[in-house]
$ cat run.cif   # mmCIF, C-alpha atoms (C1' of nucleotides)
data_query
#
loop_
_atom_site.label_atom_id
_atom_site.label_comp_id
_atom_site.auth_asym_id
_atom_site.auth_seq_id
_atom_site.Cartn_x
_atom_site.Cartn_y
_atom_site.Cartn_z
CA MET K 9 95.84 -20.86 -81.53
CA PRO K 10 95.40 -18.17 -78.93
CA GLY K 11 97.68 -18.53 -75.97
CA ALA K 12 99.69 -21.35 -77.51
CA THR K 13 103.41 -21.08 -77.11
CA VAL K 14 104.60 -21.48 -80.67
CA ASN K 15 107.72 -23.51 -81.30
CA ALA K 16 107.98 -24.76 -77.75
CA ILE K 17 110.19 -27.87 -77.81
CA PRO K 18 108.07 -30.93 -77.03
CA THR K 19 108.79 -32.78 -73.81
CA ARG K 20 109.79 -35.99 -75.54
CA ALA K 21 112.38 -34.15 -77.62
CA ARG K 22 113.75 -32.33 -74.57
CA ILE K 23 114.18 -35.66 -72.78
CA LEU K 24 115.99 -37.17 -75.75
CA TYR K 25 118.29 -34.18 -76.10
CA ALA K 26 119.20 -34.02 -72.42
CA SER K 27 119.76 -37.78 -72.32
CA ALA K 28 122.04 -37.64 -75.35
CA GLU K 29 124.17 -34.97 -73.73
CA LEU K 30 124.41 -36.74 -70.37
CA PHE K 31 125.01 -40.21 -71.77
CA ARG K 32 127.81 -39.10 -74.06
CA ARG K 33 129.53 -37.15 -71.31
CA GLN K 34 129.05 -39.40 -68.27
CA GLY K 35 128.05 -42.73 -69.72
CA TYR K 36 125.02 -44.93 -69.19
CA ALA K 37 125.41 -46.21 -65.64
CA ALA K 38 126.46 -42.89 -64.15
CA THR K 39 123.46 -41.04 -65.54
CA GLY K 40 120.26 -41.30 -63.52
CA LEU K 41 116.76 -40.88 -64.82
CA LYS K 42 116.14 -38.24 -62.18
CA GLN K 43 119.08 -36.25 -63.49
CA ILE K 44 117.69 -36.59 -67.01
CA ALA K 45 114.28 -35.42 -65.84
CA ALA K 46 115.77 -32.43 -64.08
CA GLU K 47 118.01 -31.49 -67.00
CA SER K 48 115.20 -31.75 -69.52
CA GLU K 49 112.77 -29.85 -67.26
CA ALA K 50 110.39 -32.77 -67.24
CA THR K 51 109.19 -35.02 -64.45
CA LEU K 52 110.07 -38.63 -63.86
CA GLY K 53 106.50 -39.52 -64.72
CA SER K 54 106.88 -37.92 -68.15
CA VAL K 55 110.07 -39.86 -68.81
CA TYR K 56 108.26 -43.14 -68.18
CA HIS K 57 105.23 -41.91 -70.10
CA PHE K 58 107.28 -41.45 -73.28
CA PHE K 59 109.69 -44.31 -72.63
CA PRO K 60 107.73 -47.06 -70.90
CA GLY K 61 110.67 -49.42 -71.45
CA GLY K 62 112.63 -47.34 -68.96
CA LYS K 63 116.28 -46.42 -69.11
CA GLN K 64 117.25 -49.02 -71.66
CA GLN K 65 114.60 -47.98 -74.17
CA LEU K 66 115.58 -44.36 -73.72
CA ALA K 67 119.25 -45.15 -74.30
CA ASP K 68 118.46 -47.31 -77.31
CA GLU K 69 116.65 -44.41 -78.93
CA VAL K 70 119.33 -41.91 -77.92
CA LEU K 71 122.03 -44.05 -79.53
CA ARG K 72 120.11 -44.46 -82.79
CA VAL K 73 118.93 -40.86 -83.08
CA GLY K 74 122.30 -39.47 -82.06
CA GLY K 75 123.95 -41.77 -84.57
CA ARG K 76 121.73 -40.53 -87.40
CA PHE K 77 122.47 -36.95 -86.44
CA PHE K 78 126.22 -37.57 -86.50
CA LEU K 79 125.89 -39.30 -89.87
CA ALA K 80 123.97 -36.32 -91.25
CA LEU K 81 126.71 -34.04 -89.98
CA TYR K 82 129.32 -36.06 -91.87
CA GLU K 83 127.20 -36.07 -95.03
CA THR K 84 126.74 -32.32 -94.87
CA ILE K 85 130.45 -31.74 -94.49
CA ALA K 86 131.28 -34.27 -97.20
CA ALA K 87 128.79 -32.64 -99.58
CA GLY K 88 130.55 -29.32 -99.15
CA ALA K 89 134.06 -30.68 -99.61
CA VAL K 90 135.84 -30.82 -102.95
CA ASP K 91 137.08 -34.38 -102.47
CA LEU K 92 137.34 -37.26 -100.00
CA VAL K 93 140.57 -36.01 -98.47
CA SER K 94 139.02 -32.62 -97.77
CA ALA K 95 135.89 -34.23 -96.37
CA VAL K 96 137.91 -36.26 -93.87
CA ARG K 97 140.11 -33.31 -93.00
CA ASP K 98 137.09 -31.03 -92.47
CA PHE K 99 135.30 -33.58 -90.33
CA PHE K 100 138.29 -34.05 -88.01
CA ASP K 101 138.70 -30.28 -87.83
CA GLY K 102 135.06 -29.85 -86.85
CA ALA K 103 135.41 -32.55 -84.19
CA GLY K 104 138.38 -30.71 -82.73
CA GLN K 105 136.51 -27.41 -82.69
CA THR K 106 133.58 -29.00 -80.87
CA LEU K 107 135.91 -30.56 -78.32
CA LEU K 108 137.50 -27.20 -77.65
CA ALA K 109 134.18 -25.36 -77.49
CA THR K 110 132.75 -27.81 -74.95
CA GLY K 111 135.82 -28.16 -72.71
CA PHE K 112 136.59 -31.61 -74.16
CA ALA K 113 133.16 -32.92 -73.19
CA ASP K 114 131.29 -33.45 -76.46
CA ALA K 115 133.00 -36.05 -78.58
CA CYS K 116 131.41 -39.10 -80.21
CA PRO K 117 127.68 -39.35 -79.41
CA ILE K 118 127.81 -43.08 -78.74
CA ALA K 119 131.38 -44.04 -77.80
CA THR K 120 131.19 -43.62 -74.03
CA VAL K 121 128.07 -45.76 -73.75
CA ALA K 122 129.43 -48.20 -76.33
CA GLY K 123 132.46 -49.01 -74.21
CA GLU K 124 130.41 -49.49 -71.07
CA ILE K 125 127.75 -51.81 -72.42
CA ALA K 126 129.58 -53.80 -75.11
CA SER K 127 129.95 -56.79 -72.81
CA THR K 128 126.91 -56.40 -70.58
CA ASN K 129 123.84 -55.23 -72.52
CA GLU K 130 123.05 -56.95 -75.78
CA VAL K 131 120.15 -54.64 -76.71
CA LEU K 132 122.26 -51.51 -76.47
CA ARG K 133 125.27 -53.20 -78.08
CA ALA K 134 123.11 -53.94 -81.12
CA ALA K 135 122.06 -50.29 -81.30
CA VAL K 136 125.73 -49.27 -81.17
CA ALA K 137 126.72 -51.84 -83.80
CA ASP K 138 123.94 -50.73 -86.18
CA THR K 139 125.03 -47.13 -85.77
CA PHE K 140 128.72 -47.81 -86.34
CA GLU K 141 127.84 -49.84 -89.44
CA SER K 142 125.77 -46.99 -90.85
CA TRP K 143 128.75 -44.66 -90.51
CA LEU K 144 131.11 -47.18 -92.04
CA ASP K 145 128.75 -47.67 -94.99
CA ALA K 146 128.62 -43.94 -95.66
CA LEU K 147 132.39 -43.58 -95.48
CA ALA K 148 133.08 -46.64 -97.62
CA GLU K 149 130.50 -45.53 -100.18
CA ASP K 150 132.24 -42.20 -100.58
CA ALA K 151 135.57 -43.99 -100.92
CA VAL K 152 134.18 -46.25 -103.64
CA GLU K 153 132.81 -43.23 -105.47
CA ALA K 154 136.29 -41.73 -105.28
CA GLY K 155 137.59 -44.76 -107.15
CA ILE K 156 138.74 -47.03 -104.32
CA GLU K 157 137.96 -50.72 -104.63
CA ALA K 158 135.21 -51.98 -102.32
CA ASP K 159 137.27 -54.15 -99.93
CA ARG K 160 139.90 -51.48 -99.60
CA ALA K 161 137.18 -48.89 -99.04
CA ARG K 162 135.73 -50.91 -96.16
CA ALA K 163 139.14 -51.31 -94.54
CA LEU K 164 139.83 -47.62 -95.01
CA ALA K 165 136.50 -46.67 -93.42
CA LEU K 166 137.27 -48.87 -90.41
CA SER K 167 140.68 -47.25 -89.92
CA VAL K 168 139.43 -43.69 -90.34
CA LEU K 169 136.62 -44.26 -87.86
CA ALA K 170 139.01 -45.96 -85.42
CA LEU K 171 141.38 -43.00 -85.69
CA LEU K 172 138.50 -40.65 -84.95
CA GLU K 173 137.30 -42.68 -81.95
CA GLY K 174 140.81 -43.09 -80.63
CA ALA K 175 141.48 -39.39 -81.08
CA PHE K 176 138.28 -38.54 -79.18
CA LEU K 177 139.32 -40.70 -76.25
CA LEU K 178 142.92 -39.44 -76.16
CA SER K 179 142.02 -35.79 -76.61
CA ARG K 180 139.37 -35.95 -73.89
CA SER K 181 141.73 -37.78 -71.54
CA LEU K 182 144.77 -35.58 -72.17
CA ARG K 183 142.66 -32.44 -72.55
CA SER K 184 144.55 -31.51 -75.66
CA LEU K 185 143.82 -31.28 -79.36
CA GLU K 186 147.21 -32.78 -80.16
CA PRO K 187 145.86 -36.33 -80.59
CA MET K 188 143.00 -35.09 -82.79
CA ARG K 189 145.43 -33.16 -84.99
CA SER K 190 147.89 -36.04 -85.38
CA CYS K 191 145.07 -38.47 -86.14
CA ALA K 192 143.61 -36.08 -88.70
CA ASP K 193 146.96 -36.07 -90.47
CA SER K 194 147.14 -39.86 -90.35
CA ALA K 195 143.58 -40.28 -91.61
CA VAL K 196 144.35 -37.96 -94.51
CA ALA K 197 147.53 -39.92 -95.23
CA LEU K 198 145.65 -43.23 -95.30
CA VAL K 199 142.98 -41.83 -97.62
CA SER K 200 145.61 -40.30 -99.89
CA ALA K 201 147.53 -43.56 -100.08
CA ALA K 202 144.38 -45.50 -100.96
CA LEU K 203 143.51 -42.98 -103.69
CA ALA K 204 147.04 -43.11 -105.08
CA ASP K 205 146.92 -46.91 -105.18
CA SER K 206 143.56 -46.90 -106.96
CA ARG K 207 144.83 -44.47 -109.57
CA GLU K 208 147.90 -46.60 -110.13
CA ALA K 209 145.78 -49.74 -110.44
CA SER K 210 143.47 -48.15 -113.01
CA ARG K 211 146.46 -47.03 -115.07
CA ARG K 212 147.48 -50.63 -115.64
CA MET P 7 156.03 -72.22 -41.55
CA PRO P 8 153.90 -75.16 -40.59
CA GLY P 9 150.38 -75.01 -41.89
CA ALA P 10 150.98 -71.89 -43.96
CA THR P 11 149.43 -71.91 -47.40
CA VAL P 12 152.40 -71.06 -49.55
CA ASN P 13 151.91 -68.74 -52.48
CA ALA P 14 148.34 -67.87 -51.61
CA ILE P 15 147.49 -64.64 -53.42
CA PRO P 16 147.21 -61.80 -50.89
CA THR P 17 143.82 -60.22 -50.40
CA ARG P 18 144.92 -56.82 -51.58
CA ALA P 19 146.18 -58.26 -54.86
CA ARG P 20 142.98 -60.25 -55.37
CA ILE P 21 140.93 -57.09 -54.90
CA LEU P 22 143.06 -55.19 -57.40
CA TYR P 23 142.87 -57.97 -59.96
CA ALA P 24 139.10 -58.43 -59.70
CA SER P 25 138.59 -54.66 -59.86
CA ALA P 26 140.73 -54.38 -62.96
CA GLU P 27 138.70 -57.04 -64.72
CA LEU P 28 135.33 -55.57 -63.74
CA PHE P 29 136.25 -51.95 -64.43
CA ARG P 30 137.60 -52.66 -67.89
CA ARG P 31 134.58 -54.74 -68.85
CA GLN P 32 131.71 -52.81 -67.26
CA GLY P 33 133.15 -49.44 -66.46
CA TYR P 34 133.49 -47.49 -63.23
CA ALA P 35 129.92 -46.51 -62.38
CA ALA P 36 128.41 -49.89 -63.21
CA THR P 37 130.79 -51.79 -60.95
CA GLY P 38 129.88 -51.94 -57.28
CA LEU P 39 132.24 -52.45 -54.38
CA LYS P 40 130.10 -55.33 -53.21
CA GLN P 41 130.54 -57.01 -56.58
CA ILE P 42 134.29 -56.45 -56.35
CA ALA P 43 134.35 -57.96 -52.86
CA ALA P 44 132.39 -60.99 -54.00
CA GLU P 45 134.51 -61.51 -57.13
CA SER P 46 137.78 -61.21 -55.21
CA GLU P 47 136.53 -63.45 -52.41
CA ALA P 48 137.11 -60.71 -49.88
CA THR P 49 134.71 -58.82 -47.68
CA LEU P 50 133.62 -55.23 -47.99
CA GLY P 51 135.51 -54.51 -44.80
CA SER P 52 138.73 -55.74 -46.38
CA VAL P 53 138.21 -53.54 -49.42
CA TYR P 54 137.97 -50.47 -47.20
CA HIS P 55 140.83 -51.71 -45.05
CA PHE P 56 143.22 -51.73 -48.03
CA PHE P 57 141.64 -48.80 -49.85
CA PRO P 58 140.42 -46.36 -47.20
CA GLY P 59 139.83 -43.78 -49.94
CA GLY P 60 137.02 -45.96 -51.20
CA LYS P 61 136.05 -46.61 -54.78
CA GLN P 62 137.99 -43.71 -56.26
CA GLN P 63 141.27 -44.69 -54.61
CA LEU P 64 140.78 -48.27 -55.74
CA ALA P 65 140.11 -47.17 -59.32
CA ASP P 66 143.07 -44.81 -59.31
CA GLU P 67 145.37 -47.66 -58.35
CA VAL P 68 143.75 -50.06 -60.80
CA LEU P 69 144.28 -47.61 -63.66
CA ARG P 70 147.93 -47.04 -62.80
CA VAL P 71 148.82 -50.66 -62.10
CA GLY P 72 146.88 -51.92 -65.11
CA GLY P 73 148.58 -49.32 -67.23
CA ARG P 74 152.04 -50.43 -66.11
CA PHE P 75 151.15 -54.03 -66.83
CA PHE P 76 149.99 -53.17 -70.34
CA LEU P 77 153.16 -51.17 -70.92
CA ALA P 78 155.27 -54.12 -69.79
CA LEU P 79 153.35 -56.33 -72.21
CA TYR P 80 154.20 -53.98 -75.07
CA GLU P 81 157.84 -53.82 -74.05
CA THR P 82 158.09 -57.60 -73.88
CA ILE P 83 156.60 -57.95 -77.33
CA ALA P 84 158.74 -55.15 -78.73
CA ALA P 85 161.88 -56.72 -77.25
CA GLY P 86 161.13 -59.94 -79.08
CA ALA P 87 160.40 -58.31 -82.43
CA VAL P 88 162.99 -57.74 -85.13
CA ASP P 89 161.93 -54.17 -85.86
CA LEU P 90 159.30 -51.53 -85.07
CA VAL P 91 156.92 -52.70 -87.77
CA SER P 92 156.96 -56.23 -86.39
CA ALA P 93 156.52 -54.97 -82.85
CA VAL P 94 153.37 -53.04 -83.81
CA ARG P 95 152.06 -55.91 -85.90
CA ASP P 96 152.65 -58.42 -83.09
CA PHE P 97 151.01 -56.20 -80.49
CA PHE P 98 147.86 -55.74 -82.57
CA ASP P 99 147.79 -59.48 -83.25
CA GLY P 100 148.03 -60.22 -79.54
CA ALA P 101 145.24 -57.76 -78.81
CA GLY P 102 143.04 -59.53 -81.35
CA GLN P 103 143.79 -62.92 -79.84
CA THR P 104 142.89 -61.70 -76.36
CA LEU P 105 139.64 -60.23 -77.65
CA LEU P 106 138.72 -63.53 -79.24
CA ALA P 107 139.74 -65.59 -76.23
CA THR P 108 137.60 -63.48 -73.86
CA GLY P 109 134.52 -63.13 -76.05
CA PHE P 110 135.42 -59.53 -76.91
CA ALA P 111 135.49 -58.54 -73.25
CA ASP P 112 139.14 -57.83 -72.45
CA ALA P 113 140.45 -54.95 -74.48
CA CYS P 114 142.30 -51.87 -73.20
CA PRO P 115 142.70 -51.95 -69.39
CA ILE P 116 141.77 -48.28 -68.98
CA ALA P 117 139.70 -47.17 -72.00
CA THR P 118 136.22 -47.95 -70.68
CA VAL P 119 136.79 -46.06 -67.45
CA ALA P 120 138.66 -43.32 -69.32
CA GLY P 121 135.64 -42.50 -71.46
CA GLU P 122 133.28 -42.44 -68.51
CA ILE P 123 135.24 -40.19 -66.21
CA ALA P 124 137.09 -37.84 -68.58
CA SER P 125 134.59 -35.05 -67.96
CA THR P 126 133.46 -35.84 -64.44
CA ASN P 127 136.34 -37.04 -62.23
CA GLU P 128 139.56 -35.08 -62.31
CA VAL P 129 141.51 -37.47 -60.06
CA LEU P 130 140.83 -40.46 -62.27
CA ARG P 131 141.28 -38.44 -65.46
CA ALA P 132 144.78 -37.57 -64.28
CA ALA P 133 145.54 -41.27 -63.68
CA VAL P 134 144.33 -42.05 -67.19
CA ALA P 135 146.33 -39.19 -68.71
CA ASP P 136 149.52 -40.26 -66.91
CA THR P 137 149.04 -43.81 -68.15
CA PHE P 138 148.39 -42.84 -71.76
CA GLU P 139 151.45 -40.60 -71.69
CA SER P 140 153.64 -43.44 -70.43
CA TRP P 141 152.51 -45.60 -73.36
CA LEU P 142 153.06 -42.79 -75.83
CA ASP P 143 156.56 -42.19 -74.46
CA ALA P 144 157.49 -45.85 -74.88
CA LEU P 145 156.16 -45.99 -78.42
CA ALA P 146 157.76 -42.70 -79.46
CA GLU P 147 161.06 -43.74 -77.91
CA ASP P 148 161.12 -46.91 -79.98
CA ALA P 149 160.28 -44.87 -83.07
CA VAL P 150 163.14 -42.49 -82.38
CA GLU P 151 165.51 -45.41 -81.93
CA ALA P 152 164.34 -46.67 -85.30
CA GLY P 153 165.50 -43.41 -86.83
CA ILE P 154 162.31 -41.35 -86.85
CA GLU P 155 162.62 -37.69 -85.88
CA ALA P 156 161.20 -36.82 -82.43
CA ASP P 157 158.16 -34.75 -83.46
CA ARG P 158 157.20 -37.26 -86.10
CA ALA P 159 157.68 -40.08 -83.58
CA ARG P 160 155.28 -38.43 -81.14
CA ALA P 161 152.65 -37.94 -83.84
CA LEU P 162 153.11 -41.53 -84.97
CA ALA P 163 152.72 -42.83 -81.42
CA LEU P 164 149.48 -40.86 -81.01
CA SER P 165 148.06 -42.29 -84.23
CA VAL P 166 149.07 -45.87 -83.51
CA LEU P 167 147.57 -45.71 -80.02
CA ALA P 168 144.40 -44.09 -81.39
CA LEU P 169 144.10 -46.84 -83.99
CA LEU P 170 144.46 -49.44 -81.23
CA GLU P 171 141.86 -47.78 -79.00
CA GLY P 172 139.46 -47.25 -81.88
CA ALA P 173 139.93 -50.85 -82.98
CA PHE P 174 139.20 -52.07 -79.44
CA LEU P 175 135.95 -50.12 -79.34
CA LEU P 176 134.82 -51.14 -82.82
CA SER P 177 135.77 -54.79 -82.42
CA ARG P 178 134.02 -55.05 -79.07
CA SER P 179 130.92 -53.29 -80.42
CA LEU P 180 130.72 -55.23 -83.70
CA ARG P 181 131.94 -58.45 -82.10
CA SER P 182 134.35 -58.97 -84.93
CA LEU P 183 138.11 -58.92 -85.40
CA GLU P 184 137.70 -57.13 -88.73
CA PRO P 185 138.31 -53.65 -87.25
CA MET P 186 141.36 -54.87 -85.33
CA ARG P 187 142.81 -56.43 -88.49
CA SER P 188 142.22 -53.38 -90.66
CA CYS P 189 143.67 -51.08 -88.01
CA ALA P 190 146.71 -53.31 -87.64
CA ASP P 191 147.35 -52.95 -91.37
CA SER P 192 146.92 -49.18 -91.14
CA ALA P 193 149.20 -48.87 -88.12
CA VAL P 194 151.85 -50.87 -89.95
CA ALA P 195 151.41 -48.65 -93.01
CA LEU P 196 151.84 -45.49 -90.94
CA VAL P 197 154.98 -46.83 -89.26
CA SER P 198 156.42 -47.98 -92.58
CA ALA P 199 155.77 -44.60 -94.17
CA ALA P 200 157.46 -42.80 -91.28
CA LEU P 201 160.48 -45.12 -91.53
CA ALA P 202 160.70 -44.62 -95.30
CA ASP P 203 160.57 -40.85 -94.85
CA SER P 204 163.30 -40.93 -92.22
CA ARG P 205 165.57 -43.01 -94.46
CA GLU P 206 164.98 -40.65 -97.34
CA ALA P 207 165.73 -37.65 -95.14
CA SER P 208 169.01 -39.13 -93.90
CA ARG P 209 170.09 -39.84 -97.47
CA ARG P 210 170.02 -36.14 -98.32
"C1'" DG W 9 100.24 -35.62 -70.44
"C1'" DT W 10 101.98 -33.92 -65.96
"C1'" DC W 11 102.97 -34.43 -61.41
"C1'" DT W 12 103.86 -36.40 -56.52
"C1'" DA W 13 104.67 -40.06 -53.57
"C1'" DT W 14 106.68 -44.17 -52.65
"C1'" DA W 15 108.02 -48.98 -53.10
"C1'" DG W 16 111.98 -52.01 -53.21
"C1'" DA W 17 116.56 -52.85 -54.31
"C1'" DG W 18 121.19 -51.62 -54.20
"C1'" DA W 19 124.79 -48.20 -53.84
"C1'" DG W 20 129.01 -46.27 -51.03
"C1'" DA W 21 130.61 -45.87 -46.67
"C1'" DT W 22 131.26 -46.72 -41.48
"C1'" DA W 23 131.49 -48.99 -36.81
"C1'" DG W 24 132.90 -52.29 -34.01
"C1'" DA W 25 133.31 -57.29 -32.53
"C1'" DC W 26 136.56 -60.79 -33.14
"C1'" DG T 17 143.13 -58.31 -41.09
"C1'" DT T 18 138.50 -60.25 -41.42
"C1'" DC T 19 133.80 -60.12 -41.04
"C1'" DT T 20 128.92 -58.62 -40.10
"C1'" DA T 21 125.58 -55.25 -39.39
"C1'" DT T 22 123.86 -51.08 -40.52
"C1'" DC T 23 123.44 -46.07 -41.80
"C1'" DT T 24 122.15 -43.04 -45.35
"C1'" DC T 25 121.47 -42.06 -49.85
"C1'" DT T 26 120.15 -42.79 -54.56
"C1'" DC T 27 118.69 -45.69 -58.02
"C1'" DT T 28 114.92 -47.68 -61.28
"C1'" DA T 29 110.36 -48.31 -61.53
"C1'" DT T 30 105.35 -47.98 -60.39
"C1'" DA T 31 100.73 -46.14 -58.79
"C1'" DG T 32 97.43 -43.03 -58.95
"C1'" DA T 33 95.56 -38.10 -58.44
"C1'" DC T 34 94.79 -34.35 -61.41
#
$ encode --input "run.cif" --output "structure tokens"
Amino acid sequence: MPGATVNAIPTRARILYASAELFRRQGYAATGLKQIAAESEATLGSVYHFFPGGKQQLADEVLRVGGRFFLALYETIAAGAVDLVSAVRDFFDGAGQTLLATGFADACPIATVAGEIASTNEVLRAAVADTFESWLDALAEDAVEAGIEADRARALALSVLALLEGAFLLSRSLRSLEPMRSCADSAVALVSAALADSREASRR
Amino acid sequence: MPGATVNAIPTRARILYASAELFRRQGYAATGLKQIAAESEATLGSVYHFFPGGKQQLADEVLRVGGRFFLALYETIAAGAVDLVSAVRDFFDGAGQTLLATGFADACPIATVAGEIASTNEVLRAAVADTFESWLDALAEDAVEAGIEADRARALALSVLALLEGAFLLSRSLRSLEPMRSCADSAVALVSAALADSREASRR
DNA sequence: GTCTATAGAGAGATAGAC
DNA sequence: GTCTATCTCTCTATAGAC
């Protein structure tokens, strides 16, 4: 392929990446398609070429792709951890490091948009709900594998994810890692308590 | 005062109230001043008459006033509860009831805006941070009065508030009270554990 | 696939009559 | 204090040349 620029990032991917960054930082309504085009070094025409459904289609895809990426990040960290407690601890630690490295800008890939559109855009709310459920399934599955009963595992997953989302919002708002650190401790405590209960139950 | 309409709600208050409702449901960027004027049955001129600083000044005031109202709600509930565990339980229950009664629209009065502007509007971020801190102070103060040591009380307050904020986001997104219920249980568990630890420490 | 130009609607903000 | 008219800007979306 003479003259071809090898490994150049395709336009569609650049648009998705830039959109993901802008949506998570500024939200859906505050981010314009022109800003996305500029940030991704594409033209408005290209944005509509790849996403004929306009802003909503673009956001739908950003939420789902970003959600899968975040899930993969959790699974990678969990695979490298010795147990569920370490996995949760490591994930919260990584979230805190990312917050610090980005000036408290990059937190959850979907939370900012989720809050905005939950009551006003059913298409995007469904994308958010599907994504949250996929995370909850992964967390609960790991909890079940660690010996926690299924209902308890689901409740635990909900609380751990809520702690993470709440910590993201508080740490971004207060510009401090203190909320993330306290919530990491609490998430670890909840997981530990659930594990202790399951061990006690199996002893009977 | 012949002919005076007694107890008519003043225009300024109507604007604040309508803004609070729209901002918390749709966010800052998605809510227009014309929509606020229409919803509050005022004119655009009146909005700028009372809030010459425009949209940002209006939002700043909405965040602070809404935050004080939410704090007062907590304090009322806490005053009527027999202990800290009941206070937390009752507050989460009330939050769930409001979510259900409003079709999962009315959650935290500041969270939606907080997520949007944390990285882009320093004035509003400061209003959000001040408000969160006032809630954390109230919660931690009650924890200290219940016998929990100050540092632990602060960490507990951060986790309980994060659980509440995370539960709001998840319940709105999934359109289910399940996250709110699980997070209520976890918040109660965290408070109970802190109280048990403080009793054990004072016994030594 | 990429790019420019532009339509049409709506935004925030202002001026000035009443 | 209230209201209308309007300025200017930006938004989403589309059309069509290349």
$ interface_residues --input "run.cif" --of "chain T" --to "chain K" --cutoff "8 Å" --atoms "all atoms listed in the file" --output "list in words"
DC27, DT28 and DA29 of chain T
$ atom_distance --input "run.cif" --atom1 "atom CA of P:Gln63" --atom2 "atom CA of P:Ala43"
15.1 Å
$ resolve_selection --input "run.cif" --expression "the PyMOL selection byres ((chain P and resi 72) around 12)" --output "tab-separated table (two decimals) with C-alpha atoms, in the frame of the given file"
chain	number	residue	atom	x	y	z
P	22	LEU	CA	143.06	-55.19	-57.40
P	23	TYR	CA	142.87	-57.97	-59.96
P	24	ALA	CA	139.10	-58.43	-59.70
P	25	SER	CA	138.59	-54.66	-59.86
P	26	ALA	CA	140.73	-54.38	-62.96
P	27	GLU	CA	138.70	-57.04	-64.72
P	29	PHE	CA	136.25	-51.95	-64.43
P	30	ARG	CA	137.60	-52.66	-67.89
P	64	LEU	CA	140.78	-48.27	-55.74
P	65	ALA	CA	140.11	-47.17	-59.32
P	66	ASP	CA	143.07	-44.81	-59.31
P	67	GLU	CA	145.37	-47.66	-58.35
P	68	VAL	CA	143.75	-50.06	-60.80
P	69	LEU	CA	144.28	-47.61	-63.66
P	70	ARG	CA	147.93	-47.04	-62.80
P	71	VAL	CA	148.82	-50.66	-62.10
P	73	GLY	CA	148.58	-49.32	-67.23
P	74	ARG	CA	152.04	-50.43	-66.11
P	75	PHE	CA	151.15	-54.03	-66.83
P	76	PHE	CA	149.99	-53.17	-70.34
P	77	LEU	CA	153.16	-51.17	-70.92
P	78	ALA	CA	155.27	-54.12	-69.79
P	79	LEU	CA	153.35	-56.33	-72.21
P	113	ALA	CA	140.45	-54.95	-74.48
P	114	CYS	CA	142.30	-51.87	-73.20
P	115	PRO	CA	142.70	-51.95	-69.39
P	116	ILE	CA	141.77	-48.28	-68.98
P	117	ALA	CA	139.70	-47.17	-72.00
P	119	VAL	CA	136.79	-46.06	-67.45
P	133	ALA	CA	145.54	-41.27	-63.68
P	134	VAL	CA	144.33	-42.05	-67.19
P	137	THR	CA	149.04	-43.81	-68.15
P	138	PHE	CA	148.39	-42.84	-71.76
P	141	TRP	CA	152.51	-45.60	-73.36
$ closest_atom_pairs --input "run.cif" --of "chain K" --to "chain W" --cutoff "10 Å" --atoms "only C-alpha atoms (C1' of nucleotides)" --output "CSV"
residue,atom,partner,partner_atom,distance
K:Thr19,CA,W:DG9,C1',9.6
K:Ala50,CA,W:DT10,C1',8.6
K:Thr51,CA,W:DC11,C1',6.9
K:Leu52,CA,W:DC11,C1',8.6
K:Gly53,CA,W:DC11,C1',7.0
K:Ser54,CA,W:DT10,C1',6.7
K:His57,CA,W:DG9,C1',8.0
K:Phe58,CA,W:DG9,C1',9.6
$ resolve_selection --input "run.cif" --expression "the PyMOL selection byres ((chain P) within 9 of (chain K))" --output "PyMOL selection string"
chain P and resi 30-36+109-111+117-126+131-132+134-136+138-139+160-162+164-176+178-181+184-193+195-196
$ atom_distance --input "run.cif" --atom1 "atom CA of K:Ile44" --atom2 "atom CA of P:Ile42"
28.0 Å
$ atom_distance --input "run.cif" --atom1 "atom CA of P:Leu90" --atom2 "atom CA of P:Ser204"
13.4 Å
$ closest_residue --input "run.cif" --among "P:Leu28, P:Glu47, P:Arg210, P:Arg20" --to "T:DT18" --atoms "only C-alpha atoms (C1' of nucleotides)"
P:Glu47
$ closest_residue --input "run.cif" --among "K:Ala146, K:Ile17, K:Ala209, K:Ala103" --to "K:Ala87" --atoms "all atoms listed in the file"
K:Ala146
$ axis_aligned_box --input "run.cif" --around "stretch 40-59 of chain K" --padding-each-side "5 Å" --output "JSON"
{"center_x": 112.7, "center_y": -37.1, "center_z": -67.7, "size_x": 25.0, "size_y": 24.5, "size_z": 21.1}
$ residues_near_point --input "run.cif" --point "(154.4, -58.8, -80.4)" --cutoff "12 Å" --atoms "all atoms listed in the file" --output "PyMOL selection string"
chain P and resi 78-103+190
